[in-house]
file work.pdb (PDB, C-alpha atoms, pLDDT in the B column)
ATOM      1  CA  HIS R1137      -5.898  20.235  -1.393  1.00 46.00           C
ATOM      2  CA  HIS R1138      -2.458  21.134  -2.626  1.00 50.00           C
ATOM      3  CA  CYS R1139       0.919  21.383  -0.932  1.00 53.00           C
ATOM      4  CA  TYR R1140       3.486  23.872  -2.104  1.00 59.00           C
ATOM      5  CA  PHE R1141       6.032  26.367  -0.873  1.00 67.00           C
ATOM      6  CA  ILE R1142       4.726  29.783   0.120  1.00 75.00           C
ATOM      7  CA  LYS R1143       6.149  32.781  -1.716  1.00 79.00           C
ATOM      8  CA  LYS R1144       6.768  35.741   0.591  1.00 82.00           C
ATOM      9  CA  ARG R1145       5.981  38.232  -2.183  1.00 85.00           C
ATOM     10  CA  ILE R1146       2.550  36.643  -2.674  1.00 85.00           C
ATOM     11  CA  ALA R1147       1.921  36.555   1.088  1.00 86.00           C
ATOM     12  CA  ASP R1148       2.840  40.253   1.324  1.00 89.00           C
ATOM     13  CA  THR R1149       0.403  41.045  -1.490  1.00 90.00           C
ATOM     14  CA  MET R1150      -2.341  39.127   0.280  1.00 89.00           C
ATOM     15  CA  TYR R1151      -1.685  40.812   3.616  1.00 89.00           C
ATOM     16  CA  SER R1152      -1.721  44.301   2.143  1.00 91.00           C
ATOM     17  CA  ARG R1153      -5.031  43.607   0.429  1.00 90.00           C
ATOM     18  CA  TRP R1154      -6.845  41.740   3.241  1.00 89.00           C
ATOM     19  CA  GLN R1155      -5.071  43.094   6.340  1.00 89.00           C
ATOM     20  CA  LYS R1156      -8.201  43.163   8.546  1.00 88.00           C
ATOM     21  CA  HIS R1157      -8.887  39.475   7.906  1.00 85.00           C
ATOM     22  CA  PHE R1158      -5.285  38.449   8.527  1.00 83.00           C
ATOM     23  CA  ASP R1159      -5.151  40.512  11.722  1.00 84.00           C
ATOM     24  CA  TYR R1160      -8.141  38.615  13.098  1.00 82.00           C
ATOM     25  CA  SER R1161      -6.878  35.209  11.967  1.00 80.00           C
ATOM     26  CA  SER R1162      -3.480  35.941  13.542  1.00 78.00           C
ATOM     27  CA  THR R1163      -4.967  36.203  17.029  1.00 77.00           C
ATOM     28  CA  HIS R1164      -4.849  32.407  17.483  1.00 73.00           C
ATOM     29  CA  VAL R1165      -2.437  29.620  16.537  1.00 72.00           C
ATOM     30  CA  PHE R1166      -4.670  27.296  14.508  1.00 71.00           C
ATOM     31  CA  ARG R1167      -7.399  28.375  12.108  1.00 66.00           C
ATOM     32  CA  LYS R1168     -10.945  28.174  13.425  1.00 68.00           C
ATOM     33  CA  GLY R1169     -14.393  29.054  12.145  1.00 67.00           C
ATOM     34  CA  ASP R1170     -14.352  31.690   9.451  1.00 70.00           C
ATOM     35  CA  ASP R1171     -10.671  32.641   9.657  1.00 75.00           C
ATOM     36  CA  THR R1172      -8.753  33.328   6.489  1.00 76.00           C
ATOM     37  CA  ALA R1173      -7.887  30.073   4.703  1.00 76.00           C
ATOM     38  CA  PHE R1174      -4.326  31.105   3.879  1.00 77.00           C
ATOM     39  CA  PRO R1175      -3.294  28.132   1.665  1.00 76.00           C
ATOM     40  CA  PHE R1176      -6.334  28.424  -0.570  1.00 75.00           C
ATOM     41  CA  LEU R1177      -6.066  32.196  -0.832  1.00 80.00           C
ATOM     42  CA  HIS R1178      -2.331  31.874  -1.585  1.00 79.00           C
ATOM     43  CA  ALA R1179      -3.031  29.374  -4.358  1.00 76.00           C
ATOM     44  CA  ASN R1180      -5.692  31.611  -5.873  1.00 75.00           C
ATOM     45  CA  VAL R1181      -3.543  34.766  -5.803  1.00 81.00           C
ATOM     46  CA  ALA R1182      -0.527  32.850  -7.133  1.00 78.00           C
ATOM     47  CA  LEU R1183      -2.522  31.480 -10.048  1.00 73.00           C
ATOM     48  CA  GLU R1184      -4.521  34.614 -10.836  1.00 73.00           C
ATOM     49  CA  GLU R1185      -1.894  37.302 -10.324  1.00 76.00           C
ATOM     50  CA  PHE R1186       1.520  35.622 -10.425  1.00 72.00           C
ATOM     51  CA  ASN R1187       0.737  33.089 -13.173  1.00 65.00           C
ATOM     52  CA  ALA R1188       2.030  29.860 -11.641  1.00 53.00           C
ATOM     53  CA  ILE R1189       2.501  27.403  -8.866  1.00 46.00           C
ATOM     54  CA  ARG R1190       4.758  24.424  -9.294  1.00 50.00           C
ATOM     55  CA  GLY R1191       3.831  21.942  -6.596  1.00 50.00           C
ATOM     56  CA  VAL R1192       5.773  19.362  -4.683  1.00 48.00           C
ATOM     57  CA  SER R1193       4.040  16.011  -4.613  1.00 50.00           C
ATOM     58  CA  PRO R1194       3.629  14.982  -0.978  1.00 53.00           C
ATOM     59  CA  ASN R1195       4.431  11.498   0.280  1.00 57.00           C
ATOM     60  CA  GLY R1196       1.255  11.516   2.358  1.00 62.00           C
ATOM     61  CA  GLY R1197      -1.137  13.795   4.131  1.00 67.00           C
ATOM     62  CA  GLY R1198      -3.665  14.320   6.871  1.00 71.00           C
ATOM     63  CA  THR R1199      -5.907  16.792   8.646  1.00 73.00           C
ATOM     64  CA  TRP R1200      -5.732  17.998  12.248  1.00 78.00           C
ATOM     65  CA  SER R1201      -8.912  17.120  14.102  1.00 80.00           C
ATOM     66  CA  PRO R1202     -10.402  16.937  17.616  1.00 83.00           C
ATOM     67  CA  ASN R1203      -9.406  13.223  17.642  1.00 85.00           C
ATOM     68  CA  HIS R1204      -6.086  12.722  19.452  1.00 89.00           C
ATOM     69  CA  GLU R1205      -5.298   9.361  17.808  1.00 89.00           C
ATOM     70  CA  ASP R1206      -5.780  10.861  14.344  1.00 84.00           C
ATOM     71  CA  ASN R1207      -3.458  13.744  15.229  1.00 83.00           C
ATOM     72  CA  GLU R1208      -0.810  11.305  16.482  1.00 87.00           C
ATOM     73  CA  ARG R1209      -0.984   9.471  13.123  1.00 84.00           C
ATOM     74  CA  VAL R1210      -0.615  12.739  11.189  1.00 81.00           C
ATOM     75  CA  TRP R1211       2.305  13.821  13.392  1.00 82.00           C
ATOM     76  CA  ARG R1212       4.072  10.491  12.742  1.00 82.00           C
ATOM     77  CA  GLY R1213       3.609  11.126   9.040  1.00 79.00           C
ATOM     78  CA  ILE R1214       5.234  14.534   9.382  1.00 77.00           C
ATOM     79  CA  THR R1215       8.224  13.204  11.283  1.00 80.00           C
ATOM     80  CA  GLU R1216       8.738  10.097   9.135  1.00 80.00           C
ATOM     81  CA  ARG R1217       8.238  11.398   5.588  1.00 70.00           C
ATOM     82  CA  GLN R1218       9.223  14.486   3.667  1.00 62.00           C
ATOM     83  CA  PRO R1219       7.465  16.223   2.040  1.00 59.00           C
ATOM     84  CA  TYR R1220       4.195  15.686   3.903  1.00 60.00           C
ATOM     85  CA  CYS R1221       1.019  17.706   3.490  1.00 64.00           C
ATOM     86  CA  VAL R1222      -1.112  18.669   6.499  1.00 66.00           C
ATOM     87  CA  ASN R1223      -4.405  20.448   6.222  1.00 64.00           C
ATOM     88  CA  LEU R1224      -4.110  22.683   9.261  1.00 62.00           C
ATOM     89  CA  GLN R1225      -7.683  23.710   9.693  1.00 59.00           C
ATOM     90  CA  ASP R1226     -10.530  21.661   8.268  1.00 63.00           C
ATOM     91  CA  GLY R1227     -11.204  19.425  11.258  1.00 70.00           C
ATOM     92  CA  LEU R1228     -10.858  21.908  14.130  1.00 76.00           C
ATOM     93  CA  ASP R1229     -13.756  23.808  15.679  1.00 78.00           C
ATOM     94  CA  ASP R1230     -14.621  25.497  18.999  1.00 79.00           C
ATOM     95  CA  SER R1231     -15.295  22.254  20.888  1.00 85.00           C
ATOM     96  CA  PRO R1232     -13.411  21.456  24.125  1.00 90.00           C
ATOM     97  CA  GLU R1233     -11.777  18.511  22.308  1.00 90.00           C
ATOM     98  CA  SER R1234     -10.475  20.805  19.584  1.00 85.00           C
ATOM     99  CA  GLU R1235      -9.199  23.328  22.133  1.00 87.00           C
ATOM    100  CA  ARG R1236      -7.306  20.523  23.924  1.00 90.00           C
ATOM    101  CA  GLU R1237      -5.849  19.270  20.635  1.00 87.00           C
ATOM    102  CA  ILE R1238      -4.873  22.792  19.559  1.00 85.00           C
ATOM    103  CA  GLU R1239      -2.789  23.159  22.710  1.00 88.00           C
ATOM    104  CA  TYR R1240      -1.260  19.714  22.140  1.00 89.00           C
ATOM    105  CA  LEU R1241      -0.428  20.549  18.498  1.00 86.00           C
ATOM    106  CA  ARG R1242       0.984  23.956  19.465  1.00 85.00           C
ATOM    107  CA  THR R1243       3.347  22.215  21.887  1.00 89.00           C
ATOM    108  CA  LEU R1244       4.422  19.700  19.233  1.00 86.00           C
ATOM    109  CA  MET R1245       5.007  22.382  16.605  1.00 83.00           C
ATOM    110  CA  CYS R1246       6.974  24.554  19.028  1.00 87.00           C
ATOM    111  CA  SER R1247       9.195  21.601  19.956  1.00 88.00           C
ATOM    112  CA  VAL R1248      10.264  21.349  16.306  1.00 82.00           C
ATOM    113  CA  PHE R1249       9.895  24.970  15.130  1.00 80.00           C
ATOM    114  CA  PRO R1250      10.557  27.236  18.145  1.00 83.00           C
ATOM    115  CA  GLN R1251      11.537  30.210  15.957  1.00 83.00           C
ATOM    116  CA  ARG R1252       9.261  32.040  13.545  1.00 76.00           C
ATOM    117  CA  SER R1253       9.651  31.362   9.855  1.00 74.00           C
ATOM    118  CA  SER R1254      10.455  34.223   7.502  1.00 71.00           C
ATOM    119  CA  ILE R1255       6.814  34.461   6.370  1.00 68.00           C
ATOM    120  CA  GLU R1256       5.241  34.704   9.844  1.00 72.00           C
ATOM    121  CA  ARG R1257       4.081  38.044  11.143  1.00 72.00           C
ATOM    122  CA  ILE R1258       6.293  39.567  13.797  1.00 77.00           C
ATOM    123  CA  ASP R1259       3.661  41.977  15.145  1.00 80.00           C
ATOM    124  CA  VAL R1260       1.686  39.217  16.891  1.00 77.00           C
ATOM    125  CA  PRO R1261       2.934  37.146  19.847  1.00 80.00           C
ATOM    126  CA  ASN R1262       5.022  34.105  19.006  1.00 81.00           C
ATOM    127  CA  PRO R1263       2.927  31.099  20.104  1.00 80.00           C
ATOM    128  CA  CYS R1264       6.135  29.370  21.225  1.00 85.00           C
ATOM    129  CA  ASP R1265       7.116  32.042  23.754  1.00 83.00           C
TER     130      ASP R1265
END
call {"tool": "encode", "arguments": {"input": "work.pdb", "output": "C-alpha cells"}}
result
Amino acid sequence: HHCYFIKKRIADTMYSRWQKHFDYSSTHVFRKGDDTAFPFLHANVALEEFNAIRGVSPNGGGTWSPNHEDNERVWRGITERQPYCVNLQDGLDDSPESEREIEYLRTLMCSVFPQRSSIERIDVPNPCD
C-alpha cells in the first residue's frame, strides 16, 4: 500500500475512461465488494501514463474494519499524526458489523471534513448532508 496526494488531472482521466465503474462506486460512502479501488488505479495510471508518483512517507497506518476497537485506534492515529495512511476499503464487507462501522466512520469523517474536497464528484449526494 502506498500513500500519496491525488492529482486531479489523473482522477479526471480515470473517470472519463471508467465512468460506469466510478458511477457505481460513488453510490456509497466506503468501498465495498468489487467497487473501484481508486488508490490502486490512481497509482497505476500515474505510473503508466503520467510517468511518476513521489510519495509522502506516512508516520503510521491502518485499515478500516468491522472491529470498532481497531477503527478507534486508526482514528487516533489520524488525529495524532500527520501524514497518516488509511486503507479505506480492505477490511469492510456487507456484514451488519461493517454497516454499523461505516455509519460510525462516515460520522467521524463528516465531523472533520464536512465539505467536499476538490477531487470529489459533485453529481452524487454529499454523505455529510
call {"tool": "atom_distance", "arguments": {"input": "work.pdb", "atom1": "atom CA of Ala1147 of chain R", "atom2": "atom CA of Ser1162 of chain R"}}
result
13.6 Å
call {"tool": "residues_around", "arguments": {"input": "work.pdb", "residues": "Glu1185 of chain R", "least_positions_apart": "4", "cutoff": "9 Å", "atoms": "only C-alpha atoms", "output": "PyMOL selection string"}}
result
chain R and resi 1146+1180-1181
call {"tool": "write_last_selection", "arguments": {"input": "work.pdb", "atoms": "C-alpha atoms", "output": "mmCIF file, in the frame of the given file"}}
result
data_model
loop_
_atom_site.group_PDB
_atom_site.id
_atom_site.type_symbol
_atom_site.label_atom_id
_atom_site.label_comp_id
_atom_site.auth_asym_id
_atom_site.auth_seq_id
_atom_site.Cartn_x
_atom_site.Cartn_y
_atom_site.Cartn_z
ATOM 1 C CA ILE R 1146 2.550 36.643 -2.674
ATOM 2 C CA ASN R 1180 -5.692 31.611 -5.873
ATOM 3 C CA VAL R 1181 -3.543 34.766 -5.803
#
call {"tool": "atom_distance", "arguments": {"input": "work.pdb", "atom1": "atom CA of Ala1173 of chain R", "atom2": "atom CA of Ser1161 of chain R"}}
result
9.0 Å
call {"tool": "residues_around", "arguments": {"input": "work.pdb", "residues": "Pro1263 of chain R", "least_positions_apart": "5", "cutoff": "12 Å", "atoms": "only C-alpha atoms", "output": "PDB file with C-alpha atoms, in the coordinates of the input"}}
result
ATOM      1  CA  SER R1162      -3.480  35.941  13.542  1.00 78.00           C
ATOM      2  CA  THR R1163      -4.967  36.203  17.029  1.00 77.00           C
ATOM      3  CA  HIS R1164      -4.849  32.407  17.483  1.00 73.00           C
ATOM      4  CA  VAL R1165      -2.437  29.620  16.537  1.00 72.00           C
ATOM      5  CA  PHE R1166      -4.670  27.296  14.508  1.00 71.00           C
ATOM      6  CA  ILE R1238      -4.873  22.792  19.559  1.00 85.00           C
ATOM      7  CA  GLU R1239      -2.789  23.159  22.710  1.00 88.00           C
ATOM      8  CA  LEU R1241      -0.428  20.549  18.498  1.00 86.00           C
ATOM      9  CA  ARG R1242       0.984  23.956  19.465  1.00 85.00           C
ATOM     10  CA  THR R1243       3.347  22.215  21.887  1.00 89.00           C
ATOM     11  CA  LEU R1244       4.422  19.700  19.233  1.00 86.00           C
ATOM     12  CA  MET R1245       5.007  22.382  16.605  1.00 83.00           C
ATOM     13  CA  CYS R1246       6.974  24.554  19.028  1.00 87.00           C
ATOM     14  CA  SER R1247       9.195  21.601  19.956  1.00 88.00           C
ATOM     15  CA  PHE R1249       9.895  24.970  15.130  1.00 80.00           C
ATOM     16  CA  PRO R1250      10.557  27.236  18.145  1.00 83.00           C
ATOM     17  CA  GLN R1251      11.537  30.210  15.957  1.00 83.00           C
ATOM     18  CA  ARG R1252       9.261  32.040  13.545  1.00 76.00           C
ATOM     19  CA  GLU R1256       5.241  34.704   9.844  1.00 72.00           C
ATOM     20  CA  ARG R1257       4.081  38.044  11.143  1.00 72.00           C
ATOM     21  CA  ILE R1258       6.293  39.567  13.797  1.00 77.00           C
TER      22      ILE R1258
END
call {"tool": "residues_around", "arguments": {"input": "work.pdb", "residues": "Gly1227 of chain R", "least_positions_apart": "3", "cutoff": "8 Å", "atoms": "all atoms listed in the file", "output": "JSON, numbers by chain"}}
result
{"R": [1199, 1200, 1201, 1202]}
call {"tool": "write_last_selection", "arguments": {"input": "work.pdb", "atoms": "C-alpha atoms", "output": "compact mmCIF listing (two decimals), keeping the file's coordinate frame"}}
result
# COMPACT_ATOMS: atom_id res chain seq x y z
CA THR R 1199 -5.91 16.79 8.65
CA TRP R 1200 -5.73 18.00 12.25
CA SER R 1201 -8.91 17.12 14.10
CA PRO R 1202 -10.40 16.94 17.62
call {"tool": "residues_around", "arguments": {"input": "work.pdb", "residues": "Lys1144 of chain R", "least_positions_apart": "4", "cutoff": "10 Å", "atoms": "all atoms listed in the file", "output": "number ranges by chain"}}
result
R: 1148-1150, 1254-1256
call {"tool": "closest_residue", "arguments": {"input": "work.pdb", "among": "R:Ser1152, R:Lys1143, R:Arg1209, R:Arg1217", "to": "His1178 of chain R", "atoms": "all atoms listed in the file"}}
result
R:Lys1143
